[in-house]
Each structure stands twice: as C-alpha cells, then as structure tokens.
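In what follows, a structure is listed as structure tokens, so that the remarks can point back to it.
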Amino acid sequence: MAPTLTTTPTAEAQAATAEIHAPAFRTPPHNVEAEKALLGAIFVNNRAYERVSEFLRPEHFVLGQHASVFEACAKLIERGQIADPVTLKGFFEQNESLSDIGGPAYLAELASSAVGTINAGEYGRIIYDLHLKRQLIALGEDVVNQAYGGEVDSTATDQIEYAEQCLYDLATEGDYEGGFQPFKASVLNAINMAEAAHRREGALAGVTTGLTDLDRMLGGLHPSDLIILAGRPGMGKTALATNIAFNAAYSHNSTNGK
C-alpha cells in the first residue's frame with residue numbers, strides 16, 4: 001500500500017487563505033456632497049429648509065458638523081430669523097462651538113456648495129434614504145449578534161418578533177410620503193367623504209364591514225386605517241377577517257364601486 005503524503009501549509013499560504021476569507025471593509029452608505037449641497041441651498045434661500053423640514057432631522061446626517069449646522073439652521077428659521085454663514089457664525093460663537101463645525105471657513109465652503117432650492121427636496125431624500133440604509137445595516141448586525149448570543153431566555157421566535165418590530169419602526173420612521181396639504185384640499189376631501197356617506201346605504205364614510213355595531217364605531221373601513229385583529233389561537237380571527245373581506249367586496253360589487 002502506497003504511503004500517504006501529507007503537507008503542512010506554509011505561513012504565507014495560511015495568511016493568503018485568511019485574507020481571501022476575511023470580510024472586506026465596507027464604508028457605510030453616505031453622501032457628504034449631498035449634505036453640503038443641501039446646507040448650502042438653505043444658506044442661499046431659507047425656503048429650501050421648508051422642502052425637507054417635515055422628514056429630515058439632524059441625526060440623519062453622517063457628519064456631526066453637518067448635523068450641528070442643520071440643527072442651528074432649524075432653530076434660527078423657526079424663530080423667524082435668517083440662517084446664513086453670518087448669523088450661524090454668531091450662533092456658534094455664543095455656544096463656543098464654532099471650531100467644532102470647522103469655523104467660518106467651513107461655513108463659507110458650505111455656502112459655495114449650494115444647489116438650487118428646487119433640488120433641495122431631492123437632496124434631502126437622498127440623505128434620509130442613506131440614513132435608513134445605515135440603520136438597516138446596524139439592525140442586521142444586531143439581529144445576527146443576538147442569534148449568535150444563545151441566551152436561554154431568548155427564543156428564536158422572540159428574536160424574530162424583535163427584528164420585525166425594529167424593521168417596522170425603521171420603515172415608519174420619519175415617513176414623508178404624506179405631509180401637509182392645503183386647507184382647501186382638506187375641506188374638499190371632507191365634503192366628498194360626507195357626500196359619499198350620504199349616498200351610501202347605511203350612511204358610512206368608509207367601506208362597510210357587514211357588521212352593524214363595528215360599522216357604527218368605525219364609520220366603515222378607510223384607506224388610512226390599520227386595524228389589528230388580536231386574540232388567542234382558535235378564537236376565529238381568520239373567519240372574522242374573511243367575513244369582513246367578503247362583505248366589503250360584496251358591497252363594492254353591488255354598488256358598482258361607489
């Protein structure tokens with residue numbers, strides 16, 4: 001029987017193998033130029049702040065000095081004052097934090113990075129989206145670490161529920177798809193809903209559930225509703241939801257979608 005030949009990998013080969021399998025360093029998603037462009041746009045025209053104030057917060061910026069400048073702009077503008085390099089210089093001098101944001105030279109650099117006010121909203125959405133991605137990466141790492149942790153009191157189901165809740169919170173954080181609307185539009189929407197309820201059998205503003213008491217409490221089902229049926233297993237949640245869906249579909253079909 002032929003002897004078996006074995007070899008021991010050299011130190012160089014082991015190092016090369018480790019390098020291949022080692023995870024490459026990746027920088028979290030960010031866009032410093034977009035942050036500078038947005039802040040510069042606010043300096044040039046404070047109306048740019050209105051395009052992002054609904055959803056953008058200081059903590060969404062990747063650089064600390066940008067977060068501080070945006071927060072200062074918000075405070076000045078909401079006081080009815082002008083936010084520009086001159087007023088911000090005085091603001092940070094009062095707080096003795098001018099050097100922390102790079103001094104007057106950096107404020108001037110931000111002003112020179114300005115984009116048109118019309119583009120401010122798009123840059124704000126880019127900054128916000130990248131913030132969510134960084135949060136998603138941190139959440140993924142947290143979920144992985146918890147799964148590796150192996151705590152006795154934490155079951156897999158508990159960890160899944162925790163991950164789902166965190167994802168939901170992240171998905172709904174600072175949602176900017178809705179927002180404010182003109183008073184005229186709100187009044188017209190209310191009148192249209194009242195007219196539809198008057199014409200609809202049962203005088204409901206929303207879609208009927210087929211359950212009189214429930215319709216009386218909810219006024220019907222509306223597109224903005226989030227209704228959760230809670231109960232122990234075997235209590236009839238699925239049957240109730242199926243009946244509501246059937247009644248809503250039947251009502252929609254019998255009224256030709258009105």
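In the structure tokens, chains take letters A, B, ... by order of appearance, with residues numbered from 1 within each chain and ligands from 1 in the order shown.
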Counting only C-alpha atoms, which residues of segment 38-77 of chain A fall within 10 Å of segment 101-120 of chain A, and what is the closest atom pair for each with its distance in Å at one decimal, ordered by chain and rising number, as a tab-separated table?
```
residue	atom	partner	partner_atom	distance
A:Leu38	CA	A:Ala120	CA	5.6
A:Leu39	CA	A:Leu110	CA	6.4
A:Gly40	CA	A:Ala114	CA	3.9
A:Ala41	CA	A:Ala114	CA	4.4
A:Ile42	CA	A:Thr117	CA	7.6
A:Phe43	CA	A:Ala111	CA	6.1
A:Val44	CA	A:Ala111	CA	7.0
A:Asn45	CA	A:Thr117	CA	6.8
A:Asn46	CA	A:Thr117	CA	8.7
A:Arg47	CA	A:Thr117	CA	7.3
A:Ala48	CA	A:Thr117	CA	5.1
A:Tyr49	CA	A:Ala120	CA	7.9
A:Glu50	CA	A:Ala120	CA	9.2
A:Arg51	CA	A:Ala120	CA	6.6
A:Val52	CA	A:Ala120	CA	7.3
A:Leu63	CA	A:Ile101	CA	9.8
A:Gly64	CA	A:Ile101	CA	8.0
A:Gln65	CA	A:Ile101	CA	4.6
A:His66	CA	A:Ile101	CA	7.5
A:Ala67	CA	A:Ile101	CA	9.4
A:Ser68	CA	A:Ile101	CA	7.4
A:Val69	CA	A:Ile101	CA	7.5
```
Generate a file of the selected residues that holds C-alpha atoms, formatted as a short mmCIF file (atom, residue, chain, number, x, y, z; two decimals), in the first residue's frame.
```cif
data_model
loop_
_atom_site.label_atom_id
_atom_site.label_comp_id
_atom_site.auth_asym_id
_atom_site.auth_seq_id
_atom_site.Cartn_x
_atom_site.Cartn_y
_atom_site.Cartn_z
CA LEU A 38 -28.38 70.90 0.85
CA LEU A 39 -26.91 73.03 3.63
CA GLY A 40 -25.55 75.45 1.04
CA ALA A 41 -29.01 75.70 -0.55
CA ILE A 42 -30.50 76.57 2.84
CA PHE A 43 -27.88 79.31 3.28
CA VAL A 44 -28.75 80.83 -0.10
CA ASN A 45 -32.52 80.60 0.37
CA ASN A 46 -34.06 79.60 3.68
CA ARG A 47 -37.16 78.41 1.80
CA ALA A 48 -35.12 75.31 0.97
CA TYR A 49 -35.48 74.25 4.60
CA GLU A 50 -39.27 74.00 4.12
CA ARG A 51 -38.76 71.31 1.49
CA VAL A 52 -37.03 68.95 3.96
CA LEU A 63 -21.12 64.07 9.63
CA GLY A 64 -21.52 65.56 13.07
CA GLN A 65 -20.71 69.11 11.96
CA HIS A 66 -23.38 68.91 9.27
CA ALA A 67 -25.91 67.75 11.86
CA SER A 68 -24.98 70.70 14.08
CA VAL A 69 -25.28 73.20 11.22
#
```
Interface rows for segment 16-107 of chain A against segment 131-139 of chain A: nearest pair, Å to one decimal, 12 Å, only C-alpha atoms, as a tab-separated table:
```
residue	atom	partner	partner_atom	distance
A:Arg26	CA	A:Ile137	CA	11.2
A:Thr27	CA	A:Arg134	CA	9.9
A:Pro28	CA	A:Arg134	CA	6.1
A:Pro29	CA	A:Arg134	CA	6.4
A:His30	CA	A:His131	CA	7.5
A:Asn31	CA	A:His131	CA	9.9
A:Val32	CA	A:His131	CA	11.9
A:Glu35	CA	A:His131	CA	11.6
A:Phe55	CA	A:His131	CA	11.8
A:Leu56	CA	A:His131	CA	10.0
A:Arg57	CA	A:His131	CA	10.2
A:Pro58	CA	A:His131	CA	10.7
A:Glu59	CA	A:His131	CA	8.4
A:His60	CA	A:His131	CA	5.3
A:Phe61	CA	A:His131	CA	7.1
A:Val62	CA	A:His131	CA	7.5
A:Leu63	CA	A:His131	CA	11.2
```
Write a file of the selected residues as a tab-separated table (two decimals), in the first residue's frame, keeping N, CA and C atoms.
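The resulting again22.tsv:
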```tsv
chain	number	residue	atom	x	y	z
A	26	ARG	N	-16.09	47.70	4.46
A	26	ARG	CA	-17.01	48.47	3.63
A	26	ARG	C	-17.47	49.70	4.39
A	27	THR	N	-17.40	50.84	3.72
A	27	THR	CA	-17.83	52.09	4.33
A	27	THR	C	-19.36	52.16	4.32
A	28	PRO	N	-19.97	52.52	5.43
A	28	PRO	CA	-21.44	52.66	5.44
A	28	PRO	C	-21.88	53.67	4.39
A	29	PRO	N	-23.05	53.48	3.79
A	29	PRO	CA	-23.51	54.38	2.73
A	29	PRO	C	-23.67	55.81	3.22
A	30	HIS	N	-23.15	56.74	2.47
A	30	HIS	CA	-23.27	58.15	2.82
A	30	HIS	C	-22.97	58.98	1.58
A	31	ASN	N	-23.33	60.25	1.64
A	31	ASN	CA	-23.08	61.16	0.52
A	31	ASN	C	-22.82	62.55	1.12
A	32	VAL	N	-21.55	62.81	1.40
A	32	VAL	CA	-21.17	64.07	2.03
A	32	VAL	C	-21.47	65.25	1.10
A	35	GLU	N	-25.03	66.33	1.39
A	35	GLU	CA	-25.25	67.06	2.64
A	35	GLU	C	-24.76	68.50	2.51
A	55	PHE	N	-39.36	65.80	7.17
A	55	PHE	CA	-38.85	64.45	7.39
A	55	PHE	C	-37.38	64.38	7.77
A	56	LEU	N	-36.62	65.42	7.53
A	56	LEU	CA	-35.19	65.36	7.76
A	56	LEU	C	-34.85	65.90	9.14
A	57	ARG	N	-33.98	65.17	9.84
A	57	ARG	CA	-33.57	65.54	11.20
A	57	ARG	C	-32.04	65.60	11.25
A	58	PRO	N	-31.47	66.31	12.24
A	58	PRO	CA	-30.00	66.41	12.34
A	58	PRO	C	-29.31	65.06	12.38
A	59	GLU	N	-29.91	64.09	13.09
A	59	GLU	CA	-29.27	62.78	13.23
A	59	GLU	C	-29.22	61.99	11.92
A	60	HIS	N	-29.88	62.47	10.88
A	60	HIS	CA	-29.85	61.77	9.60
A	60	HIS	C	-28.58	62.08	8.81
A	61	PHE	N	-27.83	63.11	9.22
A	61	PHE	CA	-26.59	63.47	8.54
A	61	PHE	C	-25.47	62.57	9.04
A	62	VAL	N	-24.58	62.20	8.14
A	62	VAL	CA	-23.50	61.29	8.51
A	62	VAL	C	-22.38	62.01	9.26
A	63	LEU	N	-22.17	63.30	8.96
A	63	LEU	CA	-21.12	64.07	9.63
A	63	LEU	C	-21.71	64.89	10.77
```
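Computed from the coordinates, the atom CA of Val143 of chain A to atom CA of Leu170 of chain A distance equals 14.0 Å.
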